[in-house]
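Novice: This is final_13.cif, which holds mmCIF, C-alpha atoms:
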data_start
#
loop_
_atom_site.group_PDB
_atom_site.id
_atom_site.type_symbol
_atom_site.label_atom_id
_atom_site.label_comp_id
_atom_site.auth_asym_id
_atom_site.auth_seq_id
_atom_site.Cartn_x
_atom_site.Cartn_y
_atom_site.Cartn_z
ATOM 1 C CA MET A 1 -110.412 -129.771 -27.130
ATOM 2 C CA LYS A 2 -112.036 -126.467 -28.040
ATOM 3 C CA PHE A 3 -112.778 -127.914 -31.477
ATOM 4 C CA VAL A 4 -114.683 -130.983 -30.242
ATOM 5 C CA LYS A 5 -117.941 -129.047 -30.003
ATOM 6 C CA PHE A 6 -117.673 -128.027 -33.657
ATOM 7 C CA LEU A 7 -116.990 -131.635 -34.628
ATOM 8 C CA ILE A 8 -120.160 -132.732 -32.836
ATOM 9 C CA VAL A 9 -122.293 -129.995 -34.430
ATOM 10 C CA GLY A 10 -120.795 -130.909 -37.813
ATOM 11 C CA ILE A 11 -121.746 -134.555 -37.269
ATOM 12 C CA ILE A 12 -125.328 -133.529 -36.455
ATOM 13 C CA PHE A 13 -125.349 -131.354 -39.589
ATOM 14 C CA GLY A 14 -124.154 -134.282 -41.720
ATOM 15 C CA ILE A 15 -126.797 -136.597 -40.264
ATOM 16 C CA VAL A 16 -129.637 -134.113 -40.791
ATOM 17 C CA MET A 17 -128.559 -133.366 -44.384
ATOM 18 C CA ALA A 18 -128.654 -137.101 -45.128
ATOM 19 C CA LYS A 19 -131.768 -138.038 -43.140
ATOM 20 C CA SER A 20 -133.786 -135.077 -44.459
ATOM 21 C CA GLU A 21 -132.706 -136.177 -47.971
ATOM 22 C CA ALA A 22 -131.656 -132.546 -48.609
ATOM 23 C CA PHE A 23 -128.307 -133.960 -49.809
ATOM 24 C CA SER A 24 -130.033 -135.811 -52.659
ATOM 25 C CA TRP A 25 -129.704 -134.623 -56.258
ATOM 26 C CA TYR A 26 -133.276 -135.867 -56.780
ATOM 27 C CA ARG A 27 -134.612 -133.571 -54.038
ATOM 28 C CA ILE A 28 -132.937 -130.538 -55.619
ATOM 29 C CA GLN A 29 -134.437 -131.443 -59.008
ATOM 30 C CA GLU A 30 -137.837 -131.788 -57.362
ATOM 31 C CA MET A 31 -137.413 -128.400 -55.645
ATOM 32 C CA PHE A 32 -136.509 -126.474 -58.805
ATOM 33 C CA ARG A 33 -139.397 -128.151 -60.632
ATOM 34 C CA PHE A 34 -141.837 -127.164 -57.838
ATOM 35 C CA GLN A 35 -143.042 -130.773 -57.594
ATOM 36 C CA SER A 36 -142.859 -131.145 -53.815
ATOM 37 C CA PHE A 37 -143.094 -129.052 -50.675
ATOM 38 C CA HIS A 38 -140.285 -131.025 -48.980
ATOM 39 C CA MET A 39 -137.261 -128.720 -49.524
ATOM 40 C CA TYR A 40 -139.365 -125.574 -49.073
ATOM 41 C CA GLY A 41 -140.653 -127.021 -45.806
ATOM 42 C CA ILE A 42 -137.117 -127.678 -44.532
ATOM 43 C CA ILE A 43 -135.701 -124.278 -45.463
ATOM 44 C CA GLY A 44 -138.927 -122.454 -44.529
ATOM 45 C CA THR A 45 -139.094 -124.038 -41.062
ATOM 46 C CA ALA A 46 -135.428 -123.205 -40.418
ATOM 47 C CA VAL A 47 -135.868 -119.601 -41.566
ATOM 48 C CA VAL A 48 -139.092 -118.939 -39.606
ATOM 49 C CA LEU A 49 -137.534 -120.290 -36.401
ATOM 50 C CA GLY A 50 -134.317 -118.441 -37.255
ATOM 51 C CA VAL A 51 -136.074 -115.084 -37.669
ATOM 52 C CA ILE A 52 -137.861 -115.511 -34.312
ATOM 53 C CA GLY A 53 -134.695 -116.623 -32.527
ATOM 54 C CA VAL A 54 -132.464 -113.894 -33.940
ATOM 55 C CA ALA A 55 -135.062 -111.257 -33.019
ATOM 56 C CA LEU A 56 -135.129 -112.631 -29.443
ATOM 57 C CA ILE A 57 -131.307 -112.638 -29.246
ATOM 58 C CA LYS A 58 -131.269 -108.976 -30.268
ATOM 59 C CA LYS A 59 -134.173 -107.956 -28.020
ATOM 60 C CA PHE A 60 -132.775 -109.607 -24.894
ATOM 61 C CA LYS A 61 -129.116 -108.943 -25.850
ATOM 62 C CA ILE A 62 -128.274 -112.599 -25.309
ATOM 63 C CA ARG A 63 -124.564 -113.376 -25.034
ATOM 64 C CA ASP A 64 -122.573 -116.332 -26.305
ATOM 65 C CA PHE A 65 -120.905 -118.956 -24.090
ATOM 66 C CA SER A 66 -117.834 -116.801 -23.497
ATOM 67 C CA GLY A 67 -119.926 -113.783 -22.487
ATOM 68 C CA ASN A 68 -119.529 -111.761 -25.699
ATOM 69 C CA PRO A 69 -122.548 -110.208 -27.404
ATOM 70 C CA VAL A 70 -123.807 -112.231 -30.370
ATOM 71 C CA LEU A 71 -122.820 -110.116 -33.371
ATOM 72 C CA PHE A 72 -124.774 -109.910 -36.598
ATOM 73 C CA LEU A 73 -122.601 -108.169 -39.149
ATOM 74 C CA PRO A 74 -124.585 -106.414 -41.881
ATOM 75 C CA LYS A 75 -123.481 -107.541 -45.333
ATOM 76 C CA ASP A 76 -122.189 -105.000 -47.899
ATOM 77 C CA LYS A 77 -124.986 -102.984 -49.458
ATOM 78 C CA SER A 78 -123.893 -103.494 -53.065
ATOM 79 C CA TYR A 79 -126.168 -105.705 -55.002
ATOM 80 C CA PRO A 80 -124.570 -106.962 -58.257
ATOM 81 C CA ARG A 81 -122.406 -109.478 -56.429
ATOM 82 C CA TYR A 82 -125.364 -111.089 -54.671
ATOM 83 C CA LEU A 83 -127.489 -111.373 -57.779
ATOM 84 C CA LEU A 84 -124.705 -112.409 -60.190
ATOM 85 C CA GLY A 85 -122.904 -114.659 -57.707
ATOM 86 C CA GLY A 86 -126.193 -116.107 -56.546
ATOM 87 C CA THR A 87 -127.240 -116.879 -60.120
ATOM 88 C CA LEU A 88 -123.957 -118.671 -60.892
ATOM 89 C CA PHE A 89 -124.333 -120.615 -57.640
ATOM 90 C CA GLY A 90 -127.902 -121.593 -58.570
ATOM 91 C CA LEU A 91 -126.799 -122.817 -62.018
ATOM 92 C CA GLY A 92 -124.284 -125.121 -60.351
ATOM 93 C CA TRP A 93 -126.655 -126.197 -57.565
ATOM 94 C CA ALA A 94 -129.336 -127.354 -60.009
ATOM 95 C CA LEU A 95 -126.757 -129.233 -62.112
ATOM 96 C CA SER A 96 -124.683 -131.008 -59.457
ATOM 97 C CA GLY A 97 -127.589 -131.264 -57.009
ATOM 98 C CA ALA A 98 -125.532 -130.160 -54.035
ATOM 99 C CA CYS A 99 -124.402 -127.017 -52.300
ATOM 100 C CA PRO A 100 -121.011 -127.168 -50.537
ATOM 101 C CA GLY A 101 -122.184 -128.735 -47.240
ATOM 102 C CA PRO A 102 -124.110 -131.630 -48.771
ATOM 103 C CA MET A 103 -121.156 -132.340 -51.117
ATOM 104 C CA VAL A 104 -118.975 -133.510 -48.247
ATOM 105 C CA VAL A 105 -121.908 -135.259 -46.545
ATOM 106 C CA ASN A 106 -122.298 -137.301 -49.743
ATOM 107 C CA ILE A 107 -118.609 -138.236 -49.680
ATOM 108 C CA GLY A 108 -118.988 -139.513 -46.121
ATOM 109 C CA TYR A 109 -122.216 -141.316 -46.996
ATOM 110 C CA GLY A 110 -120.375 -143.289 -49.662
ATOM 111 C CA TYR A 111 -121.159 -141.328 -52.823
ATOM 112 C CA VAL A 112 -117.431 -140.797 -53.292
ATOM 113 C CA PRO A 113 -117.655 -139.270 -56.828
ATOM 114 C CA PHE A 114 -118.836 -136.110 -55.068
ATOM 115 C CA ILE A 115 -115.146 -135.553 -54.377
ATOM 116 C CA ILE A 116 -114.923 -134.383 -58.019
ATOM 117 C CA VAL A 117 -117.701 -131.845 -57.417
ATOM 118 C CA PHE A 118 -116.042 -130.676 -54.193
ATOM 119 C CA LEU A 119 -112.562 -130.328 -55.750
ATOM 120 C CA PHE A 120 -113.959 -128.276 -58.612
ATOM 121 C CA ALA A 121 -115.964 -126.148 -56.179
ATOM 122 C CA THR A 122 -112.677 -125.402 -54.390
ATOM 123 C CA LEU A 123 -111.124 -124.575 -57.773
ATOM 124 C CA GLY A 124 -114.114 -122.291 -58.484
ATOM 125 C CA THR A 125 -113.460 -120.393 -55.261
ATOM 126 C CA PHE A 126 -109.774 -120.146 -56.250
ATOM 127 C CA LEU A 127 -110.711 -118.697 -59.662
ATOM 128 C CA TYR A 128 -112.966 -116.168 -57.929
ATOM 129 C CA GLY A 129 -110.026 -115.101 -55.754
ATOM 130 C CA ILE A 130 -107.915 -114.532 -58.873
ATOM 131 C CA ILE A 131 -110.414 -112.434 -60.828
ATOM 132 C CA LYS A 132 -112.473 -110.826 -58.070
ATOM 133 C CA ASP A 133 -111.098 -107.328 -58.724
ATOM 134 C CA LYS A 134 -112.053 -107.500 -62.399
ATOM 135 C CA ILE A 135 -115.748 -108.387 -61.966
ATOM 136 C CA PRO A 136 -118.587 -106.137 -60.756
ATOM 137 C CA HIS A 137 -119.506 -106.215 -57.096
ATOM 138 C CA MET T 138 -136.965 -144.368 -31.438
ATOM 139 C CA ILE T 139 -134.643 -146.292 -33.783
ATOM 140 C CA GLU T 140 -137.466 -146.667 -36.280
ATOM 141 C CA PHE T 141 -138.123 -142.921 -36.051
ATOM 142 C CA LEU T 142 -134.451 -142.193 -36.716
ATOM 143 C CA THR T 143 -133.973 -144.652 -39.579
ATOM 144 C CA GLN T 144 -136.950 -143.392 -41.543
ATOM 145 C CA PRO T 145 -136.387 -140.291 -43.637
ATOM 146 C CA TRP T 146 -136.883 -137.303 -41.347
ATOM 147 C CA SER T 147 -139.854 -135.032 -41.923
ATOM 148 C CA TRP T 148 -139.296 -131.549 -43.310
ATOM 149 C CA TRP T 149 -140.391 -129.855 -40.091
ATOM 150 C CA PHE T 150 -138.129 -131.947 -37.847
ATOM 151 C CA SER T 151 -135.195 -131.376 -40.207
ATOM 152 C CA GLY T 152 -135.913 -127.641 -40.346
ATOM 153 C CA ILE T 153 -135.961 -127.436 -36.542
ATOM 154 C CA ILE T 154 -132.576 -129.209 -36.303
ATOM 155 C CA ILE T 155 -131.013 -126.952 -38.961
ATOM 156 C CA SER T 156 -132.132 -123.782 -37.172
ATOM 157 C CA ALA T 157 -130.867 -125.297 -33.902
ATOM 158 C CA ILE T 158 -127.462 -125.820 -35.559
ATOM 159 C CA MET T 159 -127.413 -122.138 -36.556
ATOM 160 C CA PHE T 160 -128.185 -121.038 -32.991
ATOM 161 C CA ILE T 161 -125.631 -123.420 -31.473
ATOM 162 C CA MET T 162 -122.964 -121.931 -33.773
ATOM 163 C CA LEU T 163 -123.971 -118.419 -32.650
ATOM 164 C CA TYR T 164 -123.787 -119.551 -29.034
ATOM 165 C CA PHE T 165 -120.273 -120.853 -29.736
ATOM 166 C CA GLY T 166 -119.354 -117.383 -30.991
ATOM 167 C CA GLN T 167 -119.236 -118.309 -34.692
ATOM 168 C CA SER T 168 -121.677 -118.206 -37.570
ATOM 169 C CA PHE T 169 -123.181 -120.956 -39.686
ATOM 170 C CA GLY T 170 -121.692 -120.658 -43.182
ATOM 171 C CA PHE T 171 -120.202 -123.644 -44.944
ATOM 172 C CA SER T 172 -118.717 -122.304 -48.185
ATOM 173 C CA ALA T 173 -116.125 -120.166 -46.354
ATOM 174 C CA ASN T 174 -114.317 -123.494 -45.955
ATOM 175 C CA LEU T 175 -113.500 -123.534 -49.675
ATOM 176 C CA ARG T 176 -111.569 -120.278 -49.299
ATOM 177 C CA THR T 177 -109.845 -121.623 -46.197
ATOM 178 C CA ILE T 178 -108.794 -124.790 -48.050
ATOM 179 C CA CYS T 179 -107.257 -122.640 -50.829
ATOM 180 C CA SER T 180 -105.382 -120.694 -48.173
ATOM 181 C CA ILE T 181 -104.146 -123.840 -46.395
ATOM 182 C CA ALA T 182 -102.924 -125.114 -49.787
ATOM 183 C CA GLY T 183 -100.748 -122.011 -50.097
ATOM 184 C CA ALA T 184 -102.828 -119.875 -52.477
ATOM 185 C CA GLY T 185 -102.169 -116.856 -50.257
ATOM 186 C CA LYS T 186 -98.591 -116.588 -51.582
ATOM 187 C CA LYS T 187 -99.885 -115.767 -55.053
ATOM 188 C CA VAL T 188 -103.377 -114.337 -54.530
ATOM 189 C CA LYS T 189 -104.147 -111.707 -51.908
ATOM 190 C CA PHE T 190 -107.734 -112.962 -51.331
ATOM 191 C CA PHE T 191 -106.303 -116.141 -49.780
ATOM 192 C CA ASP T 192 -103.664 -114.369 -47.689
ATOM 193 C CA PHE T 193 -105.280 -114.493 -44.261
ATOM 194 C CA ASN T 194 -104.787 -116.361 -41.014
ATOM 195 C CA TRP T 195 -106.524 -119.617 -41.907
ATOM 196 C CA ARG T 196 -105.911 -120.968 -38.422
ATOM 197 C CA SER T 197 -108.694 -118.655 -37.221
ATOM 198 C CA GLN T 198 -111.069 -120.644 -39.470
ATOM 199 C CA LEU T 199 -110.065 -124.117 -38.310
ATOM 200 C CA TRP T 200 -113.272 -124.444 -36.258
ATOM 201 C CA ASN T 201 -115.199 -124.440 -39.552
ATOM 202 C CA ILE T 202 -112.877 -127.036 -41.128
ATOM 203 C CA VAL T 203 -113.542 -129.206 -38.060
ATOM 204 C CA PHE T 204 -117.280 -128.698 -38.701
ATOM 205 C CA LEU T 205 -116.664 -129.894 -42.304
ATOM 206 C CA ILE T 206 -114.884 -133.032 -41.050
ATOM 207 C CA GLY T 207 -117.847 -133.602 -38.718
ATOM 208 C CA ALA T 208 -120.225 -133.326 -41.696
ATOM 209 C CA ILE T 209 -118.316 -136.103 -43.500
ATOM 210 C CA ILE T 210 -118.507 -138.297 -40.382
ATOM 211 C CA GLY T 211 -122.213 -137.445 -40.046
ATOM 212 C CA GLY T 212 -122.839 -138.664 -43.585
ATOM 213 C CA PHE T 213 -121.010 -141.897 -42.772
ATOM 214 C CA ILE T 214 -123.017 -142.436 -39.572
ATOM 215 C CA ALA T 215 -126.305 -141.735 -41.368
ATOM 216 C CA ASN T 216 -125.522 -144.400 -43.954
ATOM 217 C CA GLN T 217 -124.057 -147.015 -41.605
ATOM 218 C CA PHE T 218 -126.380 -146.760 -38.611
ATOM 219 C CA LEU T 219 -129.437 -144.684 -39.451
ATOM 220 C CA SER T 220 -130.404 -145.818 -42.924
ATOM 221 C CA ASN T 221 -133.207 -148.115 -43.997
ATOM 222 C CA ASP T 222 -131.657 -148.312 -47.503
ATOM 223 C CA GLU T 223 -134.840 -147.202 -49.208
ATOM 224 C CA PRO T 224 -134.712 -144.911 -52.247
ATOM 225 C CA VAL T 225 -135.592 -141.242 -51.761
ATOM 226 C CA LYS T 226 -139.340 -140.761 -51.938
ATOM 227 C CA ILE T 227 -139.500 -137.992 -54.489
ATOM 228 C CA SER T 228 -142.800 -137.150 -56.112
ATOM 229 C CA GLU T 229 -144.133 -139.250 -58.977
ATOM 230 C CA ALA T 230 -144.128 -136.093 -61.097
ATOM 231 C CA THR T 231 -140.358 -135.724 -60.672
ATOM 232 C CA VAL T 232 -139.732 -139.414 -61.442
ATOM 233 C CA GLU T 233 -141.832 -138.964 -64.574
ATOM 234 C CA THR T 234 -140.087 -135.743 -65.656
ATOM 235 C CA LEU T 235 -136.598 -137.136 -65.069
ATOM 236 C CA SER T 236 -137.410 -140.320 -66.995
ATOM 237 C CA GLN T 237 -137.877 -138.132 -70.076
ATOM 238 C CA TYR T 238 -134.207 -137.119 -69.702
ATOM 239 C CA GLY T 239 -132.998 -140.696 -69.298
ATOM 240 C CA PHE T 240 -132.897 -140.934 -65.501
ATOM 241 C CA GLY T 241 -134.306 -144.123 -63.964
ATOM 242 C CA ALA T 242 -136.451 -144.107 -60.811
ATOM 243 C CA PRO T 243 -134.333 -143.547 -57.650
ATOM 244 C CA LYS T 244 -132.546 -146.596 -56.226
ATOM 245 C CA GLY T 245 -130.862 -144.664 -53.448
ATOM 246 C CA ALA T 246 -130.161 -141.033 -52.659
ATOM 247 C CA GLN T 247 -128.275 -140.252 -55.867
ATOM 248 C CA PRO T 248 -128.701 -141.263 -59.521
ATOM 249 C CA ASP T 249 -126.326 -143.911 -60.861
ATOM 250 C CA GLU T 250 -126.394 -141.922 -64.110
ATOM 251 C CA LEU T 251 -124.244 -139.212 -62.467
ATOM 252 C CA PHE T 252 -122.625 -140.392 -59.242
ATOM 253 C CA THR T 253 -120.951 -143.709 -60.021
ATOM 254 C CA TRP T 254 -117.331 -144.018 -61.170
ATOM 255 C CA GLU T 255 -118.571 -145.427 -64.502
ATOM 256 C CA ALA T 256 -120.443 -142.152 -65.029
ATOM 257 C CA VAL T 257 -117.530 -140.017 -63.847
ATOM 258 C CA PHE T 258 -115.182 -141.661 -66.370
ATOM 259 C CA THR T 259 -117.259 -140.536 -69.321
ATOM 260 C CA LEU T 260 -116.537 -137.105 -70.783
ATOM 261 C CA LYS T 261 -120.084 -135.846 -70.279
ATOM 262 C CA GLY T 262 -120.401 -137.315 -66.800
ATOM 263 C CA PHE T 263 -117.120 -135.722 -65.741
ATOM 264 C CA LEU T 264 -118.002 -132.327 -67.219
ATOM 265 C CA VAL T 265 -121.400 -132.234 -65.497
ATOM 266 C CA LEU T 266 -119.817 -132.751 -62.072
ATOM 267 C CA ALA T 267 -116.829 -130.483 -62.782
ATOM 268 C CA ILE T 268 -118.818 -127.564 -64.216
ATOM 269 C CA GLY T 269 -121.511 -127.924 -61.536
ATOM 270 C CA GLY T 270 -118.838 -127.790 -58.843
ATOM 271 C CA LEU T 271 -116.990 -124.869 -60.437
ATOM 272 C CA LEU T 272 -120.181 -122.783 -60.629
ATOM 273 C CA VAL T 273 -121.106 -123.557 -57.009
ATOM 274 C CA GLY T 274 -117.647 -122.687 -55.697
ATOM 275 C CA PHE T 275 -117.227 -119.548 -57.800
ATOM 276 C CA GLY T 276 -120.793 -118.362 -57.220
ATOM 277 C CA ALA T 277 -120.761 -118.993 -53.480
ATOM 278 C CA ARG T 278 -117.714 -116.817 -52.898
ATOM 279 C CA TYR T 279 -118.828 -114.153 -55.400
ATOM 280 C CA ALA T 280 -122.188 -113.962 -53.595
ATOM 281 C CA GLY T 281 -120.435 -114.068 -50.218
ATOM 282 C CA GLY T 282 -122.174 -117.221 -49.026
ATOM 283 C CA CYS T 283 -124.097 -120.351 -49.875
ATOM 284 C CA THR T 284 -127.350 -121.889 -48.684
ATOM 285 C CA SER T 285 -126.254 -121.966 -45.039
ATOM 286 C CA GLY T 286 -124.749 -118.453 -44.969
ATOM 287 C CA HIS T 287 -127.434 -116.649 -46.977
ATOM 288 C CA ALA T 288 -130.650 -118.718 -47.044
ATOM 289 C CA ILE T 289 -130.463 -119.771 -43.375
ATOM 290 C CA SER T 290 -128.215 -117.344 -41.436
ATOM 291 C CA GLY T 291 -128.780 -114.248 -43.601
ATOM 292 C CA LEU T 292 -132.549 -114.559 -43.995
ATOM 293 C CA SER T 293 -132.910 -115.261 -40.263
ATOM 294 C CA ASP T 294 -131.254 -111.865 -39.687
ATOM 295 C CA LEU T 295 -133.582 -110.295 -42.326
ATOM 296 C CA GLN T 296 -130.591 -109.189 -44.404
ATOM 297 C CA VAL T 297 -131.653 -107.787 -47.771
ATOM 298 C CA PRO T 298 -128.359 -108.814 -49.487
ATOM 299 C CA SER T 299 -129.081 -112.407 -48.465
ATOM 300 C CA LEU T 300 -132.582 -112.181 -49.918
ATOM 301 C CA VAL T 301 -131.066 -110.920 -53.199
ATOM 302 C CA ALA T 302 -128.566 -113.805 -53.141
ATOM 303 C CA VAL T 303 -131.347 -116.369 -52.534
ATOM 304 C CA ILE T 304 -133.340 -114.875 -55.412
ATOM 305 C CA GLY T 305 -130.160 -115.312 -57.475
ATOM 306 C CA PHE T 306 -129.922 -118.978 -56.369
ATOM 307 C CA PHE T 307 -133.404 -119.502 -57.778
ATOM 308 C CA VAL T 308 -132.838 -117.491 -60.957
ATOM 309 C CA GLY T 309 -129.781 -119.654 -61.687
ATOM 310 C CA GLY T 310 -131.492 -122.871 -60.607
ATOM 311 C CA LEU T 311 -134.513 -122.261 -62.814
ATOM 312 C CA ILE T 312 -132.354 -121.300 -65.818
ATOM 313 C CA MET T 313 -130.386 -124.529 -65.387
ATOM 314 C CA THR T 314 -133.498 -126.659 -64.882
ATOM 315 C CA TYR T 315 -135.582 -125.287 -67.741
ATOM 316 C CA VAL T 316 -132.997 -124.009 -70.275
ATOM 317 C CA PHE T 317 -129.691 -125.886 -69.997
ATOM 318 C CA PHE T 318 -130.826 -129.195 -68.463
ATOM 319 C CA PRO T 319 -132.874 -130.181 -71.551
ATOM 320 C CA MET T 320 -129.835 -129.337 -73.732
ATOM 321 C CA ILE T 321 -127.457 -131.410 -71.607
ATOM 322 C CA PHE T 322 -129.588 -134.522 -70.976
#
How does the structure come out when it is put into structure tokens?

Specialist:
Amino acid sequence: MKFVKFLIVGIIFGIVMAKSEAFSWYRIQEMFRFQSFHMYGIIGTAVVLGVIGVALIKKFKIRDFSGNPVLFLPKDKSYPRYLLGGTLFGLGWALSGACPGPMVVNIGYGYVPFIIVFLFATLGTFLYGIIKDKIPH
Amino acid sequence: MIEFLTQPWSWWFSGIIISAIMFIMLYFGQSFGFSANLRTICSIAGAGKKVKFFDFNWRSQLWNIVFLIGAIIGGFIANQFLSNDEPVKISEATVETLSQYGFGAPKGAQPDELFTWEAVFTLKGFLVLAIGGLLVGFGARYAGGCTSGHAISGLSDLQVPSLVAVIGFFVGGLIMTYVFFPMIF
């Protein structure tokens, strides 16, 4: 039963990815070609509200539903991994038109060939796990 | 209300919902980051026996796998009950640009040229999806997160590493769009 709430939030996530058209390959093309404000508006609105909300959580030390402080763990301060990993991610995002979340939303929506993209994304994560100690972080 | 829901949602409404999802996840004691699921799936499949990176207690991540299953159901609901079956309304400029690479005007959310089984069963069509997926999955874990983990959760917390990762997303995206895309299509 404790998982039901995550199922419901996941369903809302899937619906918003589809209804905002953020799951569309065309929208990602349009974004990287700077031909519409749409995707920037979505991400920008989420980030602006996110910055305000996170600042308020920290200022008022708001706790989660089980009474624990909401933790924000600082990420490692080593930059090659973010730039190199981010660049590889971006290359794939602009080609397949989907980041991991929208991939599965597409499968549910009926664009079943996205299962190929998702399986290879899983394989990509597996390959990272194999060679992670040999590449710069 | 139904008409409001079945139209494409505006960018501001969608952005509000996405930030709400992030805060709900924080309230539930977790964080909003989708690509961690790929690592969890590798671990569930037994990769932890061979590779240390996947040797962790995947049961502690099941909440996120349940979120993933919800996302699939959400996509289904959006198509079955909340769709007006109109093509995505991308800009005329994008339609024009893509036509130069052999893509027809949108008939739905995704191009038939890439996301039909006919396209998948061509060598080029298969490679585009496979290589795109590989890069996303490898890059997301290398960078320690994807759009949800870095661009939404990380930037909301003003984390510099997340800003660097998002800059990387755009460096890669622009290289693909302006350098490789014209070579591929």

Novice: For the provided coordinates, the residues matched by the PyMOL selection byres ((chain T and resi 309) around 7) should be stated as a list in words.

Specialist: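 Evaluating the PyMOL selection byres ((chain T and resi 309) around 7) on these coordinates yields Thr87, Leu88, Phe89, Gly90 and Leu91 of chain A; Gly305, Phe306, Phe307, Val308, Gly310, Leu311, Ile312 and Met313 of chain T.
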
Novice: With the file shown as input, list the residues that the PyMOL selection byres ((chain A) within 6 of (chain T)) selects, as a VMD selection string.

Specialist: chain A and resid 3 6 to 7 10 to 11 13 to 15 19 to 20 24 to 25 30 38 41 to 42 45 to 47 50 to 51 64 to 65 81 to 83 85 to 92 94 to 96 100 to 101 104 to 105 108 to 109 113 117 120 to 122 124 to 125 128 to 129

Novice: Record the distance separating CA of Leu119 in chain A and CA of Gly183 in chain T, expressed in Å with one decimal.

Specialist: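 Between these atoms lies a distance of 15.5 Å.
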
Novice: Can you sort out the box for range 66-80 of chain A, edges along x, y and z, all listed atoms in, 4 Å on every side, with centre and edge lengths in Å to one decimal, as lines of an AutoDock Vina configuration file?

Specialist:
center_x = -122.0
center_y = -109.9
center_z = -40.4
size_x = 16.3
size_y = 21.8
size_z = 43.8

Novice: Return the single residue from A:Gly97, A:Phe114, A:Ser66, A:Pro102 that is closest to Val16 in chain A, with distances computed using all atoms listed in the file.

Specialist: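 The shortest atom-to-atom distance to Val16 in chain A comes from A:Pro102.
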
Novice: Which distance in Å separates CA of Lys59 in chain A and CA of Asp76 in chain A, to one decimal?

Specialist: 23.4 Å
